[in-house]
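Q: Sending over work_15.txt (compact mmCIF, C-alpha atoms).
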```
# COMPACT_ATOMS: atom_id res chain seq x y z
CA MET A 21 90.82 -16.27 133.55
CA THR A 22 87.81 -18.58 133.22
CA ASN A 23 85.97 -15.72 131.58
CA LEU A 24 88.81 -15.28 129.08
CA LEU A 25 88.91 -19.04 128.45
CA SER A 26 85.18 -19.27 127.78
CA ILE A 27 85.27 -16.25 125.44
CA HIS A 28 87.95 -17.90 123.32
CA THR A 29 86.27 -21.29 123.31
CA VAL A 30 83.00 -19.75 122.16
CA ARG A 31 84.83 -17.66 119.56
CA PHE A 32 86.58 -20.79 118.24
CA ILE A 33 83.33 -22.69 117.77
CA VAL A 34 81.26 -19.78 116.45
CA LEU A 35 83.90 -18.76 113.89
CA LEU A 36 84.34 -22.39 112.78
CA LEU A 37 80.61 -22.93 112.22
CA LEU A 38 80.14 -19.52 110.60
CA GLN A 39 82.96 -20.33 108.19
CA VAL A 40 81.95 -23.84 107.13
CA LEU A 41 78.17 -23.37 107.06
CA LEU A 42 77.85 -19.89 105.61
CA LEU A 43 80.94 -18.07 104.44
CA SER A 44 82.50 -20.87 102.39
CA HIS A 45 79.38 -20.90 100.23
CA VAL A 46 79.28 -17.20 99.37
CA ASN A 47 81.10 -17.73 96.04
CA PHE A 48 80.84 -14.05 95.15
CA MET A 49 81.50 -13.63 91.39
CA GLY A 50 81.86 -17.40 91.19
CA TYR A 51 84.98 -17.96 93.27
CA ILE A 52 85.55 -15.26 95.93
CA ASN A 53 85.08 -16.48 99.49
CA PRO A 54 86.06 -14.68 102.70
CA TYR A 55 87.87 -16.55 105.47
CA PRO A 56 87.29 -14.48 108.63
CA TYR A 57 87.93 -17.47 110.93
CA ILE A 58 91.48 -16.08 111.19
CA LEU A 59 90.02 -13.47 113.56
CA PHE A 60 90.53 -16.09 116.25
CA ILE A 61 94.26 -16.00 115.54
CA LEU A 62 94.37 -12.21 115.12
CA LEU A 63 92.63 -11.46 118.42
CA PHE A 64 94.25 -14.13 120.57
CA PRO A 65 95.73 -12.57 123.78
CA ILE A 66 99.32 -11.50 123.26
CA LYS A 67 100.68 -12.42 126.67
CA ASN A 68 99.57 -16.03 126.39
CA ASN A 69 101.70 -19.10 125.96
CA ARG A 70 103.10 -19.19 122.45
CA MET A 71 103.19 -23.00 122.13
CA LEU A 72 99.52 -23.26 123.10
CA PHE A 73 98.66 -20.51 120.62
CA ILE A 74 100.39 -22.26 117.70
CA LEU A 75 98.76 -25.56 118.63
CA LEU A 76 95.29 -24.00 118.84
CA SER A 77 95.72 -22.31 115.47
CA PHE A 78 96.71 -25.62 113.94
CA LEU A 79 93.65 -27.25 115.46
CA LEU A 80 91.34 -24.56 114.10
CA GLY A 81 92.83 -24.91 110.61
CA LEU A 82 92.54 -28.68 110.76
CA CYS A 83 88.87 -28.47 111.78
CA ILE A 84 88.15 -26.19 108.81
CA ASP A 85 89.98 -28.65 106.55
CA MET A 86 87.91 -31.51 107.87
CA PHE A 87 84.68 -29.75 106.97
CA LEU A 88 85.81 -28.44 103.61
CA ASP A 89 87.72 -31.57 102.48
CA SER A 90 90.77 -29.52 101.61
CA GLY A 91 93.59 -31.74 102.86
CA GLY A 92 95.74 -29.59 105.14
CA ILE A 93 95.78 -26.19 103.44
CA HIS A 94 93.93 -24.24 106.13
CA ALA A 95 96.04 -25.86 108.86
CA ALA A 96 99.27 -24.90 107.10
CA ALA A 97 98.16 -21.30 106.50
CA ALA A 98 96.80 -20.86 110.04
CA VAL A 99 99.88 -22.25 111.75
CA THR A 100 102.13 -20.01 109.65
CA ILE A 101 100.34 -16.79 110.53
CA ALA A 102 100.28 -17.86 114.18
CA PHE A 103 104.05 -18.22 114.03
CA ILE A 104 104.75 -14.91 112.29
CA ARG A 105 102.22 -12.92 114.35
CA PRO A 106 104.85 -11.34 116.67
CA VAL A 107 106.62 -9.90 113.61
CA ALA A 108 103.37 -8.43 112.29
CA LEU A 109 102.53 -7.04 115.74
CA LYS A 110 105.91 -5.36 116.06
CA PHE A 111 105.68 -3.93 112.55
CA SER A 112 102.18 -2.48 112.90
CA PHE A 113 102.08 -1.37 116.57
CA GLY A 114 105.78 -0.55 117.07
CA ALA A 115 106.71 0.67 120.56
CA VAL A 116 103.36 -0.19 122.15
CA TYR A 117 103.95 -3.84 121.43
CA ASP A 118 107.37 -3.79 123.12
CA HIS A 119 105.68 -2.95 126.39
CA GLN A 120 103.28 -5.87 125.85
CA SER A 121 100.33 -3.57 126.41
CA VAL A 122 98.43 -3.71 123.12
CA LYS A 123 94.66 -3.76 123.61
CA PHE A 124 92.92 -4.44 120.32
CA ASN A 125 89.93 -2.37 121.34
CA ASN A 126 91.79 0.90 121.77
CA VAL A 127 94.57 0.91 119.19
CA ASP A 128 94.72 3.32 116.29
CA PHE A 129 92.40 2.42 113.41
CA GLY A 130 95.16 2.67 110.78
CA GLN A 131 97.43 0.40 112.80
CA ARG A 132 94.65 -2.11 113.13
CA ILE A 133 94.10 -2.16 109.35
CA THR A 134 97.84 -2.71 108.75
CA TYR A 135 97.93 -5.56 111.25
CA ILE A 136 94.86 -7.35 109.84
CA SER A 137 95.97 -6.82 106.22
CA ILE A 138 99.48 -8.25 106.67
CA LEU A 139 98.32 -11.46 108.29
CA THR A 140 95.32 -11.88 105.96
CA ILE A 141 97.41 -11.53 102.81
CA VAL A 142 100.08 -13.96 104.06
CA HIS A 143 97.37 -16.42 105.10
CA HIS A 144 95.53 -16.25 101.77
CA PHE A 145 98.69 -16.48 99.69
CA ILE A 146 99.73 -19.71 101.44
CA LEU A 147 96.18 -21.01 101.30
CA PHE A 148 95.73 -20.56 97.56
CA SER A 149 99.29 -21.65 96.68
CA LEU A 150 98.68 -24.93 98.44
CA GLU A 151 95.16 -25.30 97.11
CA ILE A 152 96.09 -24.77 93.46
CA PHE A 153 99.53 -26.38 93.95
CA ASN A 154 100.78 -25.55 90.50
CA PHE A 155 103.52 -23.02 89.86
CA SER A 156 102.37 -22.35 86.31
CA LYS A 157 99.09 -21.00 87.68
CA ILE A 158 100.75 -18.34 89.84
CA LEU A 159 98.52 -15.65 88.29
CA LEU A 160 95.39 -17.48 89.41
CA VAL A 161 96.91 -17.71 92.91
CA LEU A 162 97.62 -13.98 93.00
CA LYS A 163 94.18 -13.08 91.64
CA ASN A 164 92.42 -15.27 94.22
CA THR A 165 94.64 -13.90 97.00
CA LEU A 166 93.92 -10.30 96.09
CA PHE A 167 90.14 -10.51 95.81
CA SER A 168 89.57 -12.87 98.73
CA SER A 169 91.90 -10.76 100.92
CA ILE A 170 89.87 -7.61 100.26
CA PHE A 171 86.69 -9.45 101.20
CA THR A 172 88.22 -11.00 104.34
CA ILE A 173 89.83 -7.74 105.55
CA LEU A 174 86.51 -5.89 105.21
CA LEU A 175 84.64 -8.59 107.10
CA CYS A 176 87.30 -8.83 109.83
CA LEU A 177 87.21 -5.06 110.36
CA LEU A 178 83.41 -5.04 110.46
CA ILE A 179 83.20 -7.90 112.94
CA SER A 180 85.91 -6.48 115.18
CA ILE A 181 84.30 -3.02 115.19
CA ILE A 182 80.83 -4.37 115.96
CA PHE A 183 81.98 -6.59 118.81
CA SER A 184 84.53 -4.25 120.33
CA GLY A 185 81.79 -1.60 120.54
CA SER A 186 79.48 -3.83 122.55
CA ASN A 187 82.31 -4.86 124.90
CA LYS A 188 82.92 -1.31 126.07
CA LYS A 189 79.41 -0.76 127.38
CA MET B 21 124.16 -32.87 125.29
CA GLN B 22 123.39 -29.86 127.45
CA GLN B 23 123.68 -27.67 124.38
CA ILE B 24 121.26 -29.80 122.37
CA VAL B 25 118.66 -29.62 125.16
CA ASN B 26 119.21 -25.89 125.45
CA PHE B 27 118.83 -25.50 121.71
CA ILE B 28 115.54 -27.41 121.74
CA LEU B 29 114.23 -25.40 124.70
CA ARG B 30 115.20 -22.10 123.12
CA ASN B 31 113.59 -22.89 119.78
CA LYS B 32 110.66 -24.92 121.02
CA SER B 33 108.01 -22.76 119.40
CA PHE B 34 109.83 -22.78 116.08
CA LEU B 35 110.23 -26.55 116.22
CA LEU B 36 106.55 -26.98 117.05
CA PHE B 37 105.68 -24.69 114.15
CA ALA B 38 107.93 -26.64 111.77
CA LEU B 39 106.41 -29.94 112.87
CA LEU B 40 102.81 -28.77 112.46
CA LEU B 41 103.57 -27.14 109.11
CA PHE B 42 105.17 -30.36 107.94
CA ILE B 43 102.09 -32.38 108.98
CA SER B 44 99.68 -30.04 107.21
CA VAL B 45 101.76 -29.90 104.02
CA MET B 46 101.92 -33.70 103.98
CA LEU B 47 98.13 -33.84 104.32
CA THR B 48 97.82 -31.37 101.46
CA ILE B 49 100.14 -33.32 99.19
CA GLN B 50 98.28 -36.49 99.99
CA SER B 51 94.97 -34.92 99.08
CA HIS B 52 96.33 -33.96 95.67
CA SER B 53 96.98 -37.53 94.61
CA TYR B 54 93.95 -39.34 93.31
CA HIS B 55 92.41 -41.93 95.60
CA ARG B 56 95.11 -41.87 98.24
CA SER B 57 93.43 -42.27 101.59
CA ARG B 58 92.58 -38.97 103.23
CA PHE B 59 92.86 -38.82 106.99
CA ILE B 60 90.94 -35.60 107.23
CA ASN B 61 87.70 -35.86 105.28
CA SER B 62 84.16 -34.68 105.79
CA ALA B 63 82.60 -38.16 105.67
CA ASN B 64 82.57 -38.52 109.45
CA PHE B 65 79.77 -38.33 111.94
CA LEU B 66 80.59 -34.83 113.20
CA SER B 67 80.88 -32.83 110.00
CA GLY B 68 78.46 -35.12 108.16
CA GLY B 69 75.89 -34.63 110.89
CA ILE B 70 76.30 -30.86 110.94
CA PHE B 71 76.05 -30.58 107.15
CA ASN B 72 73.02 -32.87 107.19
CA THR B 73 71.23 -30.60 109.68
CA SER B 74 72.10 -27.45 107.75
CA ASN B 75 70.98 -29.10 104.51
CA ASN B 76 67.65 -30.06 106.09
CA ILE B 77 67.03 -26.35 106.59
CA SER B 78 68.41 -24.99 103.30
CA ASP B 79 66.61 -27.71 101.30
CA TYR B 80 63.40 -25.73 101.34
CA PHE B 81 64.82 -22.80 99.42
CA GLY B 82 65.51 -24.86 96.28
CA LEU B 83 62.41 -27.02 96.49
CA ARG B 84 60.54 -25.48 93.56
CA GLU B 85 63.54 -25.74 91.25
CA GLN B 86 64.32 -29.34 92.24
CA ASN B 87 60.67 -30.34 91.83
CA LYS B 88 60.78 -29.03 88.28
CA LEU B 89 63.89 -31.07 87.51
CA LEU B 90 62.36 -34.24 88.93
CA GLN B 91 59.18 -33.64 86.98
CA GLU B 92 61.15 -33.20 83.76
CA GLU B 93 62.88 -36.48 84.40
CA ASN B 94 59.59 -38.22 85.17
CA ASN B 95 58.23 -36.94 81.88
CA LYS B 96 61.20 -38.33 80.00
CA LEU B 97 60.96 -41.72 81.68
CA LYS B 98 57.19 -41.88 81.13
CA SER B 99 57.60 -41.14 77.44
CA ILE B 100 60.16 -43.94 77.15
CA LEU B 101 57.91 -46.31 79.07
CA PHE B 102 54.78 -45.68 77.01
CA ASN B 103 56.61 -45.74 73.70
CA THR B 104 58.15 -49.14 74.32
CA GLU B 105 55.01 -50.77 75.67
CA ASN B 106 53.67 -51.87 72.30
CA ILE B 107 56.89 -53.53 71.35
CA THR B 108 57.32 -55.50 74.53
CA ASP B 109 53.79 -56.85 74.29
CA SER B 110 54.56 -58.85 71.22
CA THR B 111 58.06 -60.04 72.01
CA PHE B 112 59.36 -62.82 74.17
CA ILE B 113 60.91 -61.56 77.42
CA ASP B 114 63.79 -63.58 78.75
CA SER B 115 63.40 -63.19 82.50
CA LEU B 116 66.34 -65.48 83.27
CA SER B 117 69.10 -63.41 81.70
CA PHE B 118 71.31 -61.19 83.83
CA ALA B 119 71.16 -58.07 81.74
CA ASN B 120 70.74 -55.65 84.64
CA HIS B 121 74.24 -55.30 85.93
CA TYR B 122 73.85 -51.65 86.92
CA LYS B 123 72.23 -50.91 90.26
CA PHE B 124 70.97 -47.39 91.01
CA THR B 125 70.63 -45.77 94.44
CA ALA B 126 69.06 -42.35 94.92
CA ALA B 127 70.96 -39.94 97.19
CA GLN B 128 70.95 -36.31 98.20
CA VAL B 129 73.84 -33.85 98.02
CA ILE B 130 74.27 -32.34 101.48
CA ARG B 131 77.34 -30.26 100.67
CA ASN B 132 78.28 -28.92 97.27
CA SER B 133 81.42 -27.03 96.32
CA TYR B 134 82.44 -25.63 92.96
CA ALA B 135 84.65 -22.60 93.62
CA ALA B 136 87.86 -24.42 94.60
CA THR B 137 90.17 -26.21 92.18
CA ASN B 138 89.60 -29.57 93.83
CA ASN B 139 85.91 -29.83 94.52
CA ILE B 140 84.38 -32.55 96.65
CA LEU B 141 80.69 -33.21 97.33
CA LEU B 142 79.14 -34.94 100.31
CA LEU B 143 76.22 -37.39 99.95
CA ASN B 144 73.85 -38.72 102.61
CA LYS B 145 74.39 -42.40 101.68
CA GLY B 146 77.25 -44.58 102.90
CA ASN B 147 78.39 -48.11 103.67
CA ASN B 148 75.03 -48.90 105.28
CA ASP B 149 73.45 -48.47 101.83
CA SER B 150 76.27 -50.59 100.33
CA ILE B 151 77.93 -47.60 98.70
CA LYS B 152 81.63 -48.17 98.11
CA GLN B 153 84.62 -46.44 96.55
CA ASP B 154 84.65 -46.04 92.76
CA PHE B 155 80.89 -46.03 92.21
CA GLY B 156 79.71 -43.49 89.64
CA VAL B 157 77.44 -40.57 90.53
CA ILE B 158 75.05 -38.99 88.01
CA SER B 159 72.09 -36.64 88.07
CA SER B 160 69.10 -36.64 85.75
CA LYS B 161 71.03 -34.42 83.32
CA GLY B 162 74.50 -35.94 83.28
CA ILE B 163 77.52 -37.09 85.22
CA ILE B 164 78.58 -35.63 88.57
CA GLY B 165 81.64 -37.60 89.70
CA ILE B 166 83.00 -40.71 91.39
CA ILE B 167 82.65 -41.87 95.03
CA GLU B 168 85.92 -41.33 96.86
CA LYS B 169 85.53 -42.09 100.57
CA THR B 170 82.66 -43.60 102.54
CA ASN B 171 81.81 -44.17 106.16
CA SER B 172 78.72 -45.82 107.59
CA LYS B 173 76.32 -42.97 106.74
CA TYR B 174 78.04 -40.53 104.37
CA ALA B 175 80.15 -40.58 101.22
CA THR B 176 82.40 -38.02 99.56
CA VAL B 177 82.35 -37.60 95.78
CA LEU B 178 85.30 -36.54 93.65
CA SER B 179 83.44 -34.07 91.43
CA ILE B 180 84.20 -33.76 87.71
CA LEU B 181 85.13 -30.20 88.72
CA ASN B 182 88.31 -31.52 90.31
CA THR B 183 91.67 -31.10 88.63
CA THR B 184 92.77 -34.58 89.77
CA SER B 185 89.83 -36.49 88.30
CA SER B 186 89.79 -37.87 84.77
CA ILE B 187 86.87 -39.64 83.11
CA SER B 188 86.76 -41.47 79.80
CA ALA B 189 84.37 -39.87 77.28
CA LYS B 190 83.45 -40.18 73.63
CA LEU B 191 81.68 -38.36 70.82
CA LYS B 192 78.05 -39.42 70.71
CA LYS B 193 77.83 -39.85 66.94
CA THR B 194 81.08 -41.78 66.47
CA ASN B 195 83.13 -43.89 68.83
CA HIS B 196 86.22 -41.71 69.07
CA PHE B 197 87.13 -41.51 72.72
CA GLY B 198 89.26 -39.26 74.91
CA SER B 199 89.40 -38.19 78.52
CA ILE B 200 87.78 -35.23 80.23
CA LYS B 201 89.64 -33.15 82.76
CA TRP B 202 88.94 -29.80 84.37
CA ASN B 203 91.38 -26.89 84.19
CA GLY B 204 89.96 -25.22 87.29
CA LYS B 205 88.58 -22.10 85.62
CA SER B 206 84.84 -22.09 84.96
CA PRO B 207 82.37 -24.40 86.73
CA ASN B 208 80.35 -25.02 83.56
CA GLN B 209 83.19 -25.75 81.11
CA ILE B 210 85.39 -28.85 81.13
CA GLN B 211 88.10 -29.96 78.71
CA LEU B 212 88.13 -33.05 76.51
CA SER B 213 91.52 -34.12 75.16
CA GLU B 214 93.04 -37.03 73.22
CA ILE B 215 90.36 -37.04 70.53
CA PRO B 216 92.35 -37.90 67.37
CA LYS B 217 92.58 -35.40 64.54
CA ILE B 218 90.71 -37.74 62.19
CA ALA B 219 87.48 -37.56 64.20
CA PRO B 220 84.66 -35.41 62.77
CA VAL B 221 84.32 -32.72 65.45
CA ALA B 222 81.82 -29.85 65.24
CA THR B 223 80.53 -27.32 67.75
CA GLY B 224 77.24 -28.41 69.29
CA ASP B 225 78.08 -32.14 69.16
CA THR B 226 77.14 -34.13 72.24
CA ILE B 227 79.77 -35.79 74.44
CA THR B 228 78.79 -38.89 76.44
CA THR B 229 80.60 -41.37 78.68
CA SER B 230 82.42 -44.06 76.74
CA GLY B 231 81.65 -47.11 78.88
CA ARG B 232 85.31 -48.09 78.66
CA SER B 233 85.76 -47.99 82.43
CA THR B 234 83.79 -50.10 84.88
CA ILE B 235 82.45 -47.00 86.66
CA PHE B 236 79.94 -45.46 84.24
CA PRO B 237 77.72 -47.25 81.72
CA LYS B 238 78.00 -46.16 78.09
CA GLY B 239 76.04 -43.15 76.87
CA ILE B 240 75.49 -41.00 79.95
CA PRO B 241 75.38 -37.42 78.67
CA ILE B 242 78.15 -35.01 79.71
CA GLY B 243 77.80 -31.86 77.59
CA THR B 244 78.08 -30.27 74.17
CA ILE B 245 81.16 -29.01 72.34
CA SER B 246 81.39 -25.24 72.67
CA ASN B 247 84.83 -24.68 71.15
CA PHE B 248 87.69 -26.77 69.76
CA LYS B 249 91.19 -26.46 68.35
CA LEU B 250 94.15 -28.71 67.50
CA ASP B 251 96.90 -29.01 70.11
CA THR B 252 100.44 -27.75 69.47
CA ALA B 253 101.57 -31.07 67.95
CA GLU B 254 98.45 -31.04 65.70
CA ASN B 255 97.61 -34.68 66.41
CA TYR B 256 94.77 -34.34 68.86
CA TYR B 257 91.91 -31.96 69.45
CA GLU B 258 91.60 -29.82 72.55
CA ILE B 259 87.87 -29.46 73.06
CA GLU B 260 85.91 -27.19 75.41
CA VAL B 261 82.75 -28.90 76.62
CA ALA B 262 79.76 -27.01 78.07
CA LEU B 263 78.23 -29.22 80.76
CA PHE B 264 74.54 -30.17 80.69
CA ASN B 265 74.53 -30.19 84.48
CA ASP B 266 74.51 -26.94 86.38
CA MET B 267 77.12 -28.03 88.91
CA THR B 268 76.29 -25.08 91.13
CA ASN B 269 72.75 -26.35 91.67
CA ILE B 270 72.47 -30.08 92.31
CA GLU B 271 70.35 -31.79 94.91
CA HIS B 272 69.08 -35.24 93.86
CA VAL B 273 71.63 -37.64 92.39
CA TYR B 274 71.86 -41.34 91.57
CA ILE B 275 74.74 -43.60 92.53
CA ILE B 276 75.55 -46.32 90.00
CA GLU B 277 76.95 -49.65 91.05
CA ASN B 278 78.34 -51.93 88.35
CA THR B 279 77.83 -55.42 89.79
CA ASP B 280 80.15 -56.85 87.14
CA ALA B 281 83.03 -54.52 87.99
CA LYS B 282 84.86 -57.16 90.00
CA HIS B 283 84.70 -59.75 87.22
CA ILE B 284 85.90 -57.27 84.62
CA GLU B 285 88.79 -56.10 86.79
CA ASN B 286 89.81 -59.68 87.59
CA LEU B 287 89.90 -60.47 83.90
CA LEU B 288 92.00 -57.41 83.13
CA ASP B 289 94.38 -58.22 85.97
CA THR B 290 95.08 -61.70 84.62
CA ASN B 291 95.95 -60.20 81.24
CA ASP B 292 98.65 -57.97 82.71
```
Would it be possible to restate this file's structure as structure tokens?

A:
Amino acid sequence: MTNLLSIHTVRFIVLLLLQVLLLSHVNFMGYINPYPYILFILLFPIKNNRMLFILLSFLLGLCIDMFLDSGGIHAAAAVTIAFIRPVALKFSFGAVYDHQSVKFNNVDFGQRITYISILTIVHHFILFSLEIFNFSKILLVLKNTLFSSIFTILLCLLISIIFSGSNKK
Amino acid sequence: MQQIVNFILRNKSFLLFALLLFISVMLTIQSHSYHRSRFINSANFLSGGIFNTSNNISDYFGLREQNKLLQEENNKLKSILFNTENITDSTFIDSLSFANHYKFTAAQVIRNSYAATNNILLLNKGNNDSIKQDFGVISSKGIIGIIEKTNSKYATVLSILNTTSSISAKLKKTNHFGSIKWNGKSPNQIQLSEIPKIAPVATGDTITTSGRSTIFPKGIPIGTISNFKLDTAENYYEIEVALFNDMTNIEHVYIIENTDAKHIENLLDTND
């Protein structure tokens, strides 16, 4: 348990710093930034207390907001995907999830892509809607969501593959 | 009563979610209104300190470029200095007048952002250097923005690349004024509106600050007109302005304090 706790604490801090110091300044093609800090929310243990999970996600989002001066947009997006995660889990893993025995390291690759994509797209859509906050610019929201999502999904997959490989050894 | 408690217990995670979502949306809405106090901002010791450390490291990569900019500015100032020397020799200097009501403070940008629609910069000067809200921020090439929040060591700047900021500007060759706003699209184009139809507008004309507010002195360069057209009512021009500043690459800036701002605002208040 202490091992699990320390892994998640370290992951929280490392992802936060990686996001605010490096990945928010990528500005690929002028405006595309990845937000792989949501990996913390994606890989959080399933059996854990749901209240604690939602609270931690909110805290992570709020910390990102503090560094990026963005009001509360990351907090809102993070807390939403934390809340809808069971739905996404059930949709992408099906029967395995009902037995509460999903291990992210040994699930099917296609299922993993579905799972990451659903939550990333929802997260980014909320993020950019709140950031731009103008219904007449819905096209800009969709464009940002699409391109940033692709970037984030790729990075999330890469990171999860690299680190799950080293865990098995 | 029992049922209410049961209801709360059954839906406790949903209620927690709703509460947290409500808080974050309120924070977002608050950050969209100009100059409303932000609870969550990066001008605090934790994020300010971390950005300061990271900037200390990344500084070195842009050193050559920034040196060139500073040298250019030095050249400009030197040429002004040497050209005016002859004149001042032969004229009487009134050392008792209070002409210098603008005070400049040099600062460094420790966090820059330009990809979002509401961009905010972080500077390494704060209350300890008597920096306060509503001071102007410029670089050697043109305007950057307005100080929004300060703490003892850091200050956040509402960049001109922020859809909520609006700055008074005028044509350099005449005195027709309007206001500049950003539409959130390109980081080197901003929009000037409310210039009346009668004004002589041409592409390539320079836009400067108007000096009508107490924040910026008159005549600080902003950019040149790259494109213009009449609005739908055909009364005012809608002008695209190409910025002199490369907002994606700024390091050394100057903070302007107008020491007369209080007197001017008091006077305006009594008129209302």

Q: Counting all atoms listed in the file, give me one row per residue of range 129-229 of chain B with an atom at most 12 Å from an atom of range 49-65 of chain A, showing the shortest contact pair and its distance in Å to one decimal, sorted by chain then residue number, as a Markdown table.

A:
```
| residue | atom | partner | partner_atom | distance |
| --- | --- | --- | --- | --- |
| B:Ser133 | CA | A:Tyr51 | CA | 10.2 |
| B:Tyr134 | CA | A:Tyr51 | CA | 8.1 |
| B:Ala135 | CA | A:Tyr51 | CA | 4.7 |
| B:Ala136 | CA | A:Tyr51 | CA | 7.2 |
| B:Thr137 | CA | A:Tyr51 | CA | 9.8 |
| B:Asn139 | CA | A:Tyr51 | CA | 12.0 |
| B:Gly204 | CA | A:Tyr51 | CA | 10.6 |
| B:Lys205 | CA | A:Tyr51 | CA | 9.4 |
| B:Ser206 | CA | A:Gly50 | CA | 8.3 |
| B:Pro207 | CA | A:Gly50 | CA | 8.3 |
| B:Asn208 | CA | A:Gly50 | CA | 10.9 |
```

Q: Considering all atoms listed in the file, return as a ChimeraX atom specification whatever protein or nucleic-acid residues lie within 10 Å of Val142 in chain A, sequence-local ones (same chain, fewer than 5 positions apart) excluded.

A: /A:97-98,100-101,104,137,147,165,169

Q: Please measure the separation of CA of Ser246 in chain B and CA of Ile259 in chain B, giving the value in Å to one decimal.

A: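 Result for CA of Ser246 in chain B versus CA of Ile259 in chain B: 7.7 Å, one decimal.
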
Q: Could you check the closest approach to chain B for each of A:Thr140, A:Asn126, A:Asn154, A:Ser90 and tell me which residue wins, using all atoms listed in the file?

A: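 Looking at the shortest contact to chain B, the residue is A:Ser90.
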
Q: Find the residue from A:Val40, A:Leu88, A:Met71, A:Cys83 that sits nearest to Thr176 in chain B; use only C-alpha atoms when measuring.

A: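 Closest candidate: A:Leu88.
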
Q: Mind listing as a VMD selection string all residues within 10 Å of (84.1, -43.6, 102.7), counting only C-alpha atoms?

A: chain B and resid 57 to 58 61 to 64 145 to 147 151 to 153 167 to 177

Q: What are the residues of chain B lining chain A at 6 Å or less? Count only C-alpha atoms, and put the answer as a tab-separated table (two decimals) with C-alpha atoms, in the frame of the given file.

A:
```
chain	number	residue	atom	x	y	z
B	33	SER	CA	108.01	-22.76	119.40
B	41	LEU	CA	103.57	-27.14	109.11
B	44	SER	CA	99.68	-30.04	107.21
B	47	LEU	CA	98.13	-33.84	104.32
B	48	THR	CA	97.82	-31.37	101.46
B	51	SER	CA	94.97	-34.92	99.08
B	60	ILE	CA	90.94	-35.60	107.23
B	61	ASN	CA	87.70	-35.86	105.28
B	62	SER	CA	84.16	-34.68	105.79
B	67	SER	CA	80.88	-32.83	110.00
B	135	ALA	CA	84.65	-22.60	93.62
```

Q: Restricting the calculation to all atoms listed in the file, which member of A:Ile146, A:Leu177, A:Leu166, A:Ile66 is positioned closest to Phe129 in chain A?

A: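 So, comparing all the options, the nearest one is A:Leu177.
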